[in-house]
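Undergrad: If it helps, the file is called target-v7.cif and holds mmCIF, C-alpha atoms and all ligand atoms:
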data_structure
loop_
_atom_site.label_atom_id
_atom_site.label_comp_id
_atom_site.auth_asym_id
_atom_site.auth_seq_id
_atom_site.Cartn_x
_atom_site.Cartn_y
_atom_site.Cartn_z
CA MET B 150 9.40 -22.82 29.80
CA SER B 151 8.23 -19.39 28.71
CA LYS B 152 5.78 -19.07 25.85
CA LYS B 153 7.18 -18.36 22.40
CA PHE B 154 5.13 -15.72 20.62
CA SER B 155 4.14 -15.95 16.97
CA ILE B 156 3.08 -13.27 14.56
CA PRO B 157 -0.72 -12.72 14.54
CA ARG B 158 -2.55 -14.65 11.81
CA GLY B 159 -3.01 -12.72 8.59
CA THR B 160 -0.10 -10.37 9.16
CA ALA B 161 3.49 -10.50 7.93
CA ASP B 162 6.87 -9.23 9.01
CA ILE B 163 8.70 -7.37 6.30
CA LEU B 164 12.25 -8.46 7.04
CA PRO B 165 15.35 -6.46 6.07
CA SER B 166 15.93 -9.02 3.29
CA ASP B 167 12.59 -8.03 1.74
CA ILE B 168 12.46 -4.35 2.48
CA SER B 169 14.20 -3.16 -0.69
CA HIS B 170 11.26 -4.44 -2.82
CA TRP B 171 8.93 -2.32 -0.71
CA GLN B 172 11.16 0.73 -0.73
CA THR B 173 11.67 0.56 -4.50
CA MET B 174 7.92 0.30 -5.07
CA GLU B 175 7.18 3.17 -2.68
CA GLN B 176 9.84 5.41 -4.20
CA SER B 177 8.74 4.91 -7.79
CA ALA B 178 5.10 5.34 -6.73
CA ARG B 179 5.89 8.70 -5.11
CA GLN B 180 7.74 9.85 -8.23
CA VAL B 181 4.91 8.96 -10.61
CA LEU B 182 2.17 10.28 -8.30
CA GLU B 183 3.89 13.63 -7.93
CA ILE B 184 4.28 13.91 -11.70
CA TYR B 185 0.47 13.65 -11.89
CA GLY B 186 0.08 16.37 -9.25
CA TYR B 187 -0.79 14.22 -6.23
CA LYS B 188 0.36 15.24 -2.73
CA GLU B 189 0.93 12.79 0.07
CA ILE B 190 -1.47 12.71 3.02
CA ARG B 191 -1.22 10.65 6.22
CA THR B 192 -4.31 10.06 8.32
CA PRO B 193 -4.65 7.98 11.52
CA ILE B 194 -4.90 4.21 11.16
CA PHE B 195 -8.09 4.25 13.21
CA GLU B 196 -11.23 6.33 12.96
CA GLU B 197 -14.72 6.34 14.40
CA THR B 198 -16.38 3.04 13.45
CA ALA B 199 -19.43 4.98 12.26
CA LEU B 200 -17.35 6.75 9.60
CA PHE B 201 -16.67 3.41 7.91
CA ALA B 202 -20.24 2.16 8.31
CA ARG B 203 -21.61 5.39 6.78
CA SER B 204 -19.04 5.57 3.96
CA LEU B 205 -18.63 1.98 2.82
CA GLY B 206 -22.24 1.00 3.54
CA GLN B 207 -23.75 -0.70 6.60
CA SER B 208 -24.65 -3.82 4.62
CA THR B 209 -21.33 -4.38 2.85
CA ASP B 210 -19.18 -7.42 3.69
CA VAL B 211 -16.35 -5.17 4.85
CA VAL B 212 -18.56 -3.43 7.44
CA GLN B 213 -20.60 -6.50 8.38
CA LYS B 214 -17.75 -8.97 8.77
CA GLN B 215 -14.34 -7.39 8.53
CA ILE B 216 -14.13 -4.24 10.65
CA LEU B 217 -11.59 -4.63 13.47
CA THR B 218 -12.92 -2.57 16.35
CA LEU B 219 -10.67 -1.45 19.19
CA ALA B 220 -11.62 -2.54 22.67
CA GLY B 221 -11.89 0.02 25.45
CA ASP B 222 -13.62 3.12 24.18
CA LYS B 223 -17.26 2.31 24.81
CA GLU B 224 -18.63 5.85 24.24
CA ASN B 225 -17.06 6.36 20.88
CA SER B 226 -16.40 3.12 19.03
CA LEU B 227 -13.12 3.23 17.11
CA SER B 228 -11.97 0.82 14.39
CA LEU B 229 -8.83 0.17 12.40
CA ARG B 230 -9.22 1.55 8.87
CA PRO B 231 -10.20 -1.13 6.34
CA GLU B 232 -9.42 1.27 3.47
CA GLY B 233 -8.38 4.88 2.89
CA THR B 234 -11.20 6.66 1.07
CA ALA B 235 -13.44 7.22 4.11
CA SER B 236 -10.60 8.84 6.07
CA ILE B 237 -9.72 11.08 3.13
CA ALA B 238 -13.36 12.19 2.81
CA ARG B 239 -13.41 12.90 6.57
CA THR B 240 -10.25 15.01 6.52
CA TYR B 241 -11.31 16.81 3.32
CA ILE B 242 -14.47 17.97 5.08
CA GLU B 243 -12.89 18.59 8.48
CA ASN B 244 -10.14 20.78 7.03
CA SER B 245 -12.49 22.62 4.60
CA ILE B 246 -10.08 21.74 1.81
CA ASP B 247 -12.71 22.70 -0.79
CA LYS B 248 -12.36 26.36 0.34
CA LYS B 249 -8.63 26.29 -0.42
CA GLU B 250 -8.54 24.63 -3.85
CA SER B 251 -10.99 23.55 -6.50
CA LEU B 252 -9.34 20.21 -7.29
CA THR B 253 -7.51 18.24 -4.63
CA LYS B 254 -5.28 15.31 -5.53
CA LEU B 255 -4.11 13.23 -2.60
CA TYR B 256 -2.21 9.98 -2.27
CA TYR B 257 -1.45 7.65 0.64
CA ILE B 258 0.74 4.64 1.23
CA GLY B 259 0.10 2.63 4.34
CA PRO B 260 -1.42 -0.29 6.21
CA MET B 261 -5.12 -1.20 6.12
CA PHE B 262 -6.87 -3.78 8.29
CA ARG B 263 -9.65 -6.25 7.56
CA GLY B 264 -10.66 -9.16 9.78
CA GLU B 265 -10.82 -11.65 6.93
CA ARG B 266 -10.39 -15.39 6.83
CA GLN B 267 -6.76 -15.79 5.88
CA GLN B 268 -5.82 -17.18 2.47
CA LYS B 269 -3.19 -16.46 -0.15
CA GLY B 270 -3.33 -12.76 -0.94
CA ARG B 271 -5.88 -12.04 1.75
CA LEU B 272 -4.43 -10.57 4.90
CA ARG B 273 -5.72 -8.92 8.04
CA GLN B 274 -3.05 -6.23 7.74
CA PHE B 275 -2.12 -5.28 4.20
CA HIS B 276 -0.79 -2.18 2.50
CA GLN B 277 -2.29 0.03 -0.15
CA ILE B 278 -1.01 2.73 -2.45
CA GLY B 279 -4.11 4.84 -2.98
CA VAL B 280 -5.13 8.08 -4.67
CA GLU B 281 -8.19 10.29 -4.33
CA ALA B 282 -8.94 13.23 -6.68
CA ILE B 283 -11.68 15.39 -5.21
CA GLY B 284 -13.45 18.43 -6.66
CA THR B 285 -14.70 17.59 -10.12
CA SER B 286 -17.20 15.31 -11.82
CA GLN B 287 -15.45 15.38 -15.19
CA PRO B 288 -15.18 11.99 -16.96
CA LEU B 289 -11.70 13.05 -18.15
CA LEU B 290 -10.49 12.60 -14.61
CA ASP B 291 -11.94 9.08 -14.33
CA ALA B 292 -9.88 8.17 -17.39
CA GLU B 293 -6.78 9.93 -16.08
CA VAL B 294 -7.05 8.13 -12.74
CA ILE B 295 -7.36 4.75 -14.48
CA ALA B 296 -4.41 5.62 -16.74
CA LEU B 297 -2.44 6.54 -13.62
CA ALA B 298 -3.09 3.10 -12.08
CA VAL B 299 -1.83 1.50 -15.30
CA HIS B 300 1.19 3.82 -15.37
CA LEU B 301 2.08 2.78 -11.81
CA LEU B 302 1.86 -0.90 -12.72
CA SER B 303 4.18 -0.39 -15.68
CA GLU B 304 6.60 1.53 -13.45
CA PHE B 305 6.54 -1.47 -11.06
CA GLU B 306 7.22 -3.72 -14.08
CA ILE B 307 4.02 -5.70 -13.54
CA ASN B 308 2.58 -7.23 -16.70
CA GLY B 309 -0.13 -9.71 -17.53
CA TYR B 310 -2.98 -7.96 -15.75
CA GLN B 311 -6.51 -7.26 -16.98
CA LEU B 312 -8.30 -3.95 -16.52
CA ARG B 313 -12.09 -4.25 -16.37
CA ILE B 314 -14.39 -1.25 -16.22
CA ASN B 315 -18.10 -0.66 -15.78
CA SER B 316 -20.54 2.10 -14.95
CA LEU B 317 -23.04 1.97 -12.10
CA GLY B 318 -24.58 5.28 -13.12
CA THR B 319 -25.96 7.85 -10.70
CA SER B 320 -27.49 6.91 -7.35
CA GLU B 321 -30.88 7.15 -9.07
CA ASP B 322 -29.71 4.66 -11.72
CA LYS B 323 -28.40 2.40 -8.96
CA LYS B 324 -31.76 2.48 -7.17
CA ASN B 325 -33.63 1.60 -10.35
CA PHE B 326 -31.16 -1.14 -11.13
CA SER B 327 -31.52 -2.73 -7.70
CA VAL B 328 -35.34 -2.75 -8.04
CA PHE B 329 -34.98 -4.32 -11.49
CA LEU B 330 -32.51 -6.93 -10.22
CA ARG B 331 -34.69 -7.89 -7.23
CA GLU B 332 -37.67 -8.35 -9.52
CA LYS B 333 -35.67 -10.50 -11.92
CA LEU B 334 -33.85 -12.56 -9.31
CA ASN B 335 -36.92 -13.12 -7.16
CA GLN B 336 -38.05 -16.04 -9.31
CA ASP B 337 -34.66 -17.78 -8.84
CA LEU B 338 -34.20 -16.86 -5.20
CA ALA B 339 -34.27 -20.46 -3.91
CA ALA B 340 -31.60 -21.48 -6.45
CA LEU B 341 -29.12 -18.80 -5.33
CA CYS B 342 -26.36 -19.77 -2.88
CA LYS B 343 -26.90 -19.04 0.85
CA ASP B 344 -24.65 -15.97 0.72
CA CYS B 345 -26.53 -14.55 -2.27
CA GLN B 346 -29.89 -15.11 -0.58
CA GLY B 347 -28.59 -12.77 2.13
CA ARG B 348 -27.14 -10.39 -0.48
CA PHE B 349 -30.51 -10.31 -2.26
CA GLU B 350 -31.89 -8.51 0.80
CA ARG B 351 -28.89 -6.48 1.88
CA ASN B 352 -26.93 -5.64 -1.27
CA VAL B 353 -28.39 -7.19 -4.39
CA PHE B 354 -25.55 -5.97 -6.66
CA ARG B 355 -23.15 -8.40 -5.00
CA VAL B 356 -25.12 -11.32 -6.48
CA LEU B 357 -23.68 -10.22 -9.84
CA ASP B 358 -20.08 -11.00 -8.94
CA CYS B 359 -20.69 -14.18 -6.91
CA LYS B 360 -18.19 -16.92 -7.80
CA ASN B 361 -20.69 -19.80 -7.21
CA GLU B 362 -21.34 -21.60 -10.52
CA GLY B 363 -25.13 -21.80 -9.97
CA CYS B 364 -25.38 -18.08 -9.23
CA LYS B 365 -23.15 -17.26 -12.21
CA LYS B 366 -25.54 -19.15 -14.50
CA ILE B 367 -28.61 -17.36 -13.16
CA VAL B 368 -26.88 -14.00 -13.56
CA HIS B 369 -25.69 -14.92 -17.06
CA ASN B 370 -29.28 -15.67 -18.08
CA LEU B 371 -30.36 -12.18 -17.03
CA ASN B 372 -28.36 -11.00 -20.05
CA LEU B 373 -27.47 -7.72 -18.41
CA LYS B 374 -26.06 -4.86 -20.44
CA ASP B 375 -26.20 -1.19 -19.64
CA SER B 376 -29.98 -0.86 -19.74
CA HIS B 377 -30.04 0.41 -16.15
CA LEU B 378 -28.12 3.54 -17.12
CA SER B 379 -29.84 6.83 -17.93
CA SER B 380 -28.79 8.37 -21.23
CA GLU B 381 -26.68 10.99 -19.33
CA SER B 382 -24.87 8.24 -17.45
CA ARG B 383 -24.29 6.32 -20.66
CA GLN B 384 -22.89 9.48 -22.26
CA TYR B 385 -20.64 9.99 -19.25
CA PHE B 386 -19.33 6.44 -19.51
CA ASN B 387 -18.79 6.82 -23.26
CA LYS B 388 -16.61 9.83 -22.60
CA VAL B 389 -14.55 7.87 -20.06
CA LYS B 390 -14.05 5.06 -22.56
CA ALA B 391 -13.22 7.43 -25.42
CA THR B 392 -10.59 9.15 -23.26
CA LEU B 393 -9.08 5.80 -22.27
CA ASN B 394 -8.81 5.02 -25.98
CA LEU B 395 -7.05 8.35 -26.59
CA LEU B 396 -4.63 7.51 -23.79
CA ASN B 397 -4.02 4.03 -25.26
CA VAL B 398 -5.23 2.26 -22.14
CA ALA B 399 -6.47 -1.25 -22.94
CA TYR B 400 -9.60 -2.24 -21.00
CA GLN B 401 -12.42 -4.71 -21.08
CA GLU B 402 -15.97 -3.61 -20.44
CA GLU B 403 -17.57 -5.81 -17.78
CA PRO B 404 -21.29 -5.19 -17.11
CA LEU B 405 -21.18 -7.48 -14.05
CA LEU B 406 -18.47 -5.53 -12.25
CA VAL B 407 -20.14 -3.96 -9.21
CA ARG B 408 -17.51 -3.62 -6.41
CA GLY B 409 -18.03 -4.38 -2.75
CA LEU B 410 -18.27 -0.84 -1.37
CA ASP B 411 -21.46 1.23 -1.52
CA TYR B 412 -20.03 4.68 -2.20
CA TYR B 413 -19.41 4.18 -5.92
CA THR B 414 -21.39 5.92 -8.67
CA HIS B 415 -20.65 6.02 -12.42
CA THR B 416 -17.26 4.52 -13.28
CA VAL B 417 -15.89 1.50 -11.40
CA PHE B 418 -12.83 -0.53 -12.31
CA GLU B 419 -10.78 -3.44 -11.16
CA ILE B 420 -7.33 -4.67 -12.17
CA SER B 421 -6.82 -8.38 -11.80
CA HIS B 422 -3.92 -10.75 -12.34
CA THR B 423 -4.33 -14.41 -13.19
CA GLY B 424 -1.14 -15.36 -11.34
CA LEU B 425 -2.77 -14.54 -8.01
CA GLY B 426 -5.30 -17.35 -7.55
CA SER B 427 -8.76 -16.63 -6.17
CA GLN B 428 -7.81 -13.26 -4.61
CA ASP B 429 -6.84 -11.88 -7.97
CA ALA B 430 -7.50 -8.13 -7.62
CA LEU B 431 -4.31 -6.10 -7.73
CA GLY B 432 -6.25 -2.92 -7.27
CA ALA B 433 -9.58 -1.26 -7.78
CA GLY B 434 -11.39 2.02 -7.63
CA GLY B 435 -13.96 4.28 -9.14
CA ARG B 436 -15.99 7.44 -8.81
CA TYR B 437 -17.83 8.40 -5.63
CA ASP B 438 -19.68 11.64 -6.30
CA ASN B 439 -22.01 11.59 -3.29
CA LEU B 440 -19.78 10.48 -0.44
CA ILE B 441 -18.40 13.86 0.64
CA GLU B 442 -21.87 15.40 0.71
CA GLU B 443 -23.37 12.38 2.49
CA LEU B 444 -20.78 12.81 5.23
CA GLY B 445 -21.88 16.42 5.77
CA GLY B 446 -19.42 18.11 3.40
CA PRO B 447 -19.88 20.16 0.25
CA LYS B 448 -21.00 18.68 -3.05
CA ALA B 449 -17.75 17.41 -4.51
CA GLY B 450 -17.23 14.88 -7.28
CA ALA B 451 -14.42 12.45 -6.54
CA VAL B 452 -12.62 9.49 -8.03
CA GLY B 453 -9.78 7.28 -6.84
CA PHE B 454 -8.29 3.82 -6.51
CA ALA B 455 -6.08 1.70 -4.31
CA LEU B 456 -3.50 -0.89 -5.30
CA GLY B 457 -2.67 -3.73 -2.89
CA MET B 458 1.09 -3.78 -2.31
CA GLU B 459 1.36 -7.41 -1.10
CA ARG B 460 -0.52 -8.64 -4.16
CA MET B 461 1.61 -6.55 -6.51
CA LEU B 462 4.74 -7.98 -4.90
CA LEU B 463 3.30 -11.51 -5.14
CA THR B 464 3.14 -11.18 -8.94
CA LYS B 465 6.88 -10.55 -8.92
CA GLY B 466 7.63 -13.81 -7.13
CA GLY B 467 9.19 -12.30 -3.98
CA THR B 468 12.88 -12.87 -4.75
CA GLU B 469 14.98 -12.61 -1.60
CA ILE B 470 17.82 -10.15 -1.71
CA PRO B 471 20.92 -11.14 0.33
CA LEU B 472 21.52 -9.00 3.36
CA ASP B 473 24.55 -7.05 2.34
CA SER B 474 25.55 -4.67 5.11
CA VAL B 475 28.50 -2.64 3.98
CA VAL B 476 30.65 -0.19 5.94
CA ASP B 477 33.61 1.95 4.96
CA VAL B 478 35.40 1.51 8.25
CA PHE B 479 35.57 -1.19 10.89
CA LEU B 480 37.05 -0.25 14.24
CA ALA B 481 38.75 -3.13 16.03
CA SER B 482 39.70 -2.68 19.66
CA ARG B 483 40.39 -4.81 22.73
CA GLY B 484 40.14 -4.21 26.48
CA GLU B 485 37.87 -1.91 28.48
CA SER B 486 39.90 1.30 28.19
CA CYS B 487 40.56 0.86 24.47
CA ILE B 488 36.95 0.11 23.71
CA GLU B 489 35.88 3.28 25.53
CA GLN B 490 38.16 5.33 23.29
CA ALA B 491 36.84 3.36 20.28
CA VAL B 492 33.27 4.35 21.10
CA ILE B 493 34.29 8.03 21.10
CA LEU B 494 36.15 7.63 17.81
CA LEU B 495 33.28 5.76 16.18
CA ASN B 496 30.94 8.56 17.21
CA GLN B 497 33.27 11.14 15.61
CA LEU B 498 33.53 9.16 12.36
CA ARG B 499 29.77 8.80 12.10
CA HIS B 500 29.26 12.51 12.66
CA LEU B 501 31.62 13.07 9.75
CA GLY B 502 29.28 10.92 7.65
CA ILE B 503 31.63 7.92 7.47
CA SER B 504 29.76 4.61 7.68
CA SER B 505 31.52 2.66 10.40
CA ASP B 506 30.99 -0.10 12.93
CA MET B 507 32.67 -2.14 15.66
CA SER B 508 32.12 -5.42 17.52
CA TYR B 509 31.18 -3.98 20.98
CA GLU B 510 32.78 -7.04 22.66
CA PRO B 511 35.83 -6.02 24.76
CA ASP B 512 37.15 -9.61 24.79
CA ALA B 513 36.86 -10.38 21.06
CA SER B 514 40.24 -11.21 19.46
CA PHE B 515 41.60 -8.97 16.68
CA LYS B 516 41.41 -12.02 14.40
CA SER B 517 37.68 -12.52 14.93
CA GLN B 518 37.11 -8.77 14.58
CA THR B 519 38.97 -8.77 11.25
CA ARG B 520 36.69 -11.60 10.08
CA LEU B 521 33.70 -9.44 11.00
CA ALA B 522 35.24 -6.51 9.10
CA ASP B 523 35.55 -8.78 6.03
CA LYS B 524 31.92 -9.80 6.33
CA LEU B 525 30.90 -6.14 6.40
CA LYS B 526 33.14 -5.52 3.36
CA ALA B 527 34.98 -2.77 5.25
CA LYS B 528 37.39 -0.80 3.06
CA TYR B 529 39.53 0.15 6.07
CA VAL B 530 40.09 -1.42 9.48
CA LEU B 531 41.29 0.75 12.35
CA PHE B 532 43.13 -1.08 15.15
CA LEU B 533 43.01 0.48 18.59
CA GLY B 534 44.95 -1.54 21.20
CA GLU B 535 47.05 -0.64 24.28
CA ASP B 536 50.00 0.53 22.11
CA GLU B 537 47.83 2.78 19.97
CA LEU B 538 46.18 4.24 23.06
CA LYS B 539 49.62 5.09 24.54
CA GLU B 540 50.90 6.57 21.26
CA LYS B 541 47.60 8.35 20.53
CA ALA B 542 47.88 6.98 16.98
CA ILE B 543 45.66 4.48 15.23
CA THR B 544 46.79 1.64 12.99
CA LEU B 545 44.99 2.05 9.68
CA LYS B 546 44.82 -0.98 7.40
CA ASP B 547 43.72 -0.68 3.77
CA MET B 548 41.85 -3.95 3.25
CA GLN B 549 42.36 -3.99 -0.50
CA SER B 550 46.12 -3.42 -0.62
CA GLY B 551 46.82 -4.91 2.83
CA GLN B 552 49.04 -1.89 3.64
CA GLN B 553 49.20 -0.60 7.22
CA GLU B 554 50.19 2.79 8.60
CA LYS B 555 49.96 4.74 11.84
CA VAL B 556 47.78 7.87 11.83
CA PRO B 557 47.52 10.37 14.72
CA MET B 558 44.20 9.90 16.48
CA GLU B 559 42.96 13.46 15.89
CA LYS B 560 43.67 13.21 12.13
CA ILE B 561 42.02 9.87 11.46
CA GLY B 562 38.61 11.23 10.44
CA GLU B 563 40.12 13.64 7.95
CA VAL B 564 42.46 10.99 6.50
CA ILE B 565 39.57 8.56 5.90
CA GLN B 566 37.33 11.28 4.52
CA ASN B 567 39.97 12.04 1.90
CA ARG B 568 40.20 8.40 0.84
CA ILE B 569 36.59 7.33 0.51
P1 LIG A 1 -10.71 -2.45 -2.42
O1 LIG A 1 -11.09 -3.09 -3.70
O2 LIG A 1 -11.46 -2.86 -1.21
O3 LIG A 1 -10.87 -0.89 -2.65
O4 LIG A 1 -9.17 -2.67 -2.15
C1 LIG A 1 -8.19 -2.28 -3.10
C2 LIG A 1 -7.08 -3.31 -3.17
O5 LIG A 1 -6.53 -3.56 -1.86
C3 LIG A 1 -7.54 -4.69 -3.61
O6 LIG A 1 -7.68 -4.75 -5.01
C4 LIG A 1 -6.41 -5.56 -3.11
O7 LIG A 1 -5.28 -5.50 -3.97
C5 LIG A 1 -6.05 -4.90 -1.80
N1 LIG A 1 -6.71 -5.61 -0.69
C6 LIG A 1 -7.96 -5.45 -0.23
N2 LIG A 1 -8.22 -6.30 0.80
C7 LIG A 1 -7.08 -7.01 0.99
C8 LIG A 1 -6.68 -8.04 1.91
N3 LIG A 1 -7.50 -8.48 2.86
N4 LIG A 1 -5.43 -8.54 1.82
C9 LIG A 1 -4.57 -8.08 0.88
N5 LIG A 1 -4.88 -7.11 -0.01
C10 LIG A 1 -6.11 -6.58 0.05
C11 LIG A 1 -10.60 0.05 -1.71
O8 LIG A 1 -10.00 -0.15 -0.69
C12 LIG A 1 -11.06 1.44 -2.12
N6 LIG A 1 -10.81 2.37 -1.00
C13 LIG A 1 -10.36 1.89 -3.38
C14 LIG A 1 -10.74 3.27 -3.78
C15 LIG A 1 -10.04 4.40 -3.55
N7 LIG A 1 -11.85 3.60 -4.41
C16 LIG A 1 -11.86 4.91 -4.57
N8 LIG A 1 -10.79 5.42 -4.05
#
Turn the structure described in the file into structure tokens.
Ligand code: HAM

TA:
Amino acid sequence: MSKKFSIPRGTADILPSDISHWQTMEQSARQVLEIYGYKEIRTPIFEETALFARSLGQSTDVVQKQILTLAGDKENSLSLRPEGTASIARTYIENSIDKKESLTKLYYIGPMFRGERQQKGRLRQFHQIGVEAIGTSQPLLDAEVIALAVHLLSEFEINGYQLRINSLGTSEDKKNFSVFLREKLNQDLAALCKDCQGRFERNVFRVLDCKNEGCKKIVHNLNLKDSHLSSESRQYFNKVKATLNLLNVAYQEEPLLVRGLDYYTHTVFEISHTGLGSQDALGAGGRYDNLIEELGGPKAGAVGFALGMERMLLTKGGTEIPLDSVVDVFLASRGESCIEQAVILLNQLRHLGISSDMSYEPDASFKSQTRLADKLKAKYVLFLGEDELKEKAITLKDMQSGQQEKVPMEKIGEVIQNRI
């Protein structure tokens, strides 16, 4: 017996019965994003592995554990993109976009790949709707980008989410903060979970959002506020918050929110939904003012976010929509010579823009073909048998009234066009 193949773990087919949810979400996203001045960009789904390591940070979980590297190209290691920001930074630099415009607003919708352990809401191939605004370090834009994420959610009719925001400050602030954290956590090092003991060395900020109860308690006792921020960074963050207030965006300030990617500076945010279980982030983002320059580009402030499409759809309960194929015309014919003529006719109808179909089986009875026409909710059925072929006239049946008439073959397209 030949092997039956299954879908790879951590991926999902989007069947025709589900596709309308995706298409609706994509269409309304495009509309809203274009209102805010974003233009669509499509980059390859794989890039040099080093681009991701340099952008997201060598020591991050995504780079350490989740990058899916392609086999084969030994000279130049290539990996599937785990997110979109690194690719956008690469193309921004490569195409000297800064020379063409002072502020660039880009959006993307597409698949991302992370080699994660599968669980609800955590896939190896998932889809993001993401935006990146590059070219300014104005806090107004941080607030606008956050407001845009909220606007998208309301357009998708998703409620019951929480928006949490924090500031990491400049890279200098981040450095000082990590020194401070290491000093403080050093005394409790043995009490941290195994993962956090590793994080302490590699990426101490991640200890702050560990879900382990023991770690949470240690972190809680540190009583962290915004003391790691310079007064300029605090001022910057105040402006972001004040603008969010002006825009009526409800948020919660969360001093422990750090994010898992290294490129962030200043504002970071996450939108979570309690209906999602442990993988509760619907989307996240923040400012990354140094990334473009660190990748060899110009100095360019940037801010963006990505929303996870599967998780957004999960909050809506994934109602299945019945597969309702509908055609205007069904062409029923029998016998080799008739079916040949039917294929020609069908082709003519379709070129006239008339949705039409047939059974393709030369031996199918007219009765079974009429049943198929009913299933497809055809408004008209055209019968093409030996008699019709001889007379060069088609029998046209109006399925609603049940009336039948003969129509010359060369007129049939025009007659139907006038009725639908
Ligand atoms: P991220 O937080 O890694 O950020 O991912 C954003 C969203 O993608 C998550 O909140 C989640 O909804 C979805 N997501 C991530 N991993 C998975 C997974 N394994 N399965 C299902 N959904 C997932 C970024 O990707 C940044 N590039 C966002 C950004 C853009 N920051 C600035 N600009």

Undergrad: Please give the centre and size of the box around ligand LIG 1 (chain A) (axis-aligned, containing every atom listed in the file, 5 Å added per side), with values in Å to one decimal and written as JSON.

TA:
{"center_x": -8.2, "center_y": -1.6, "center_z": -1.1, "size_x": 17.3, "size_y": 24.0, "size_z": 17.9}

Undergrad: List every residue of chain B that has an atom at most 6 Å from any atom of ligand LIG 1 (chain A), giving for each one its closest atom pair and the distance in Å to one decimal, counting only C-alpha atoms and all ligand atoms, sorted by chain and then by ascending residue number, as a Markdown table.

TA:
| residue | atom | partner | partner_atom | distance |
| --- | --- | --- | --- | --- |
| B:Glu232 | CA | A:LIG1 | O8 | 4.4 |
| B:Gly233 | CA | A:LIG1 | N6 | 5.2 |
| B:Thr234 | CA | A:LIG1 | N6 | 4.8 |
| B:Arg263 | CA | A:LIG1 | N3 | 5.6 |
| B:Gly270 | CA | A:LIG1 | C9 | 5.2 |
| B:Arg271 | CA | A:LIG1 | N4 | 3.5 |
| B:Leu272 | CA | A:LIG1 | N4 | 3.8 |
| B:Arg273 | CA | A:LIG1 | N3 | 5.5 |
| B:Phe275 | CA | A:LIG1 | C9 | 5.0 |
| B:Gln277 | CA | A:LIG1 | O5 | 5.8 |
| B:Gly279 | CA | A:LIG1 | C15 | 6.0 |
| B:Glu281 | CA | A:LIG1 | N8 | 5.5 |
| B:Ala430 | CA | A:LIG1 | O6 | 4.3 |
| B:Leu431 | CA | A:LIG1 | O7 | 3.9 |
| B:Gly432 | CA | A:LIG1 | O6 | 3.2 |
| B:Ala433 | CA | A:LIG1 | O1 | 4.7 |
| B:Gly434 | CA | A:LIG1 | N7 | 3.6 |
| B:Gly435 | CA | A:LIG1 | C16 | 5.1 |
| B:Val452 | CA | A:LIG1 | C16 | 5.8 |
| B:Gly453 | CA | A:LIG1 | N8 | 3.5 |
| B:Phe454 | CA | A:LIG1 | C15 | 3.5 |
| B:Ala455 | CA | A:LIG1 | C13 | 4.4 |
| B:Leu456 | CA | A:LIG1 | C2 | 4.8 |
| B:Gly457 | CA | A:LIG1 | O7 | 3.3 |
| B:Arg460 | CA | A:LIG1 | O7 | 5.7 |

Undergrad: Taking into account only C-alpha atoms, which residue in the set B:Val368, B:Ala491, B:Leu297, B:Leu405 is nearest to B:Gly186?

TA: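 Closest residue, counting only C-alpha atoms: B:Leu297.
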
Undergrad: Once you count all atoms listed in the file, what closest atom pair and distance in Å to one decimal does each residue of stretch 456-548 of chain B within 10 Å of stretch 302-320 of chain B have, with rows by chain and rising residue number, as CSV?

TA:
residue,atom,partner,partner_atom,distance
B:Leu456,CA,B:Leu302,CA,9.2
B:Met461,CA,B:Ile307,CA,7.5
B:Leu462,CA,B:Ile307,CA,9.0
B:Thr464,CA,B:Ile307,CA,7.2
B:Lys465,CA,B:Ile307,CA,7.3

Undergrad: Would you list the contacts of B:Thr253 as a list in words, taking every protein, DNA or RNA residue within 7 Å and counting all atoms listed in the file, but skipping same-chain residues closer than 5 positions in sequence?

TA: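 The residues satisfying every condition are Ala282, Ile283 and Gly284 of chain B.
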
Undergrad: Within 9 Å of B:Leu227, counting all atoms listed in the file, which residues qualify if same-chain residues fewer than 5 places away don't, as a list in words?

TA: Phe195, Glu196, Glu197, Thr198, Ala199, Leu217, Thr218, Leu219, Ala220 and Asp222 of chain B

Undergrad: Could you check how far atom CA of B:Met507 sits from atom CA of B:Ala481, in Å to one decimal?

TA: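 One can read the atom CA of B:Met507 to atom CA of B:Ala481 distance as 6.2 Å.
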
Undergrad: Quick one: residues within 12 Å of B:Leu182, only C-alpha atoms counted, chain neighbours fewer than 5 positions away excluded, as an MDAnalysis selection string?

TA: chainID B and resid 174:177 187:189 254:258 278:282 293:294 296:301 304

Undergrad: Counting all atoms listed in the file, which residue out of B:Gly534, B:Ser474, B:Thr519, B:Leu289 sits closest to B:Glu489?

TA: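 Checking each candidate against B:Glu489, we get B:Gly534 as the closest.
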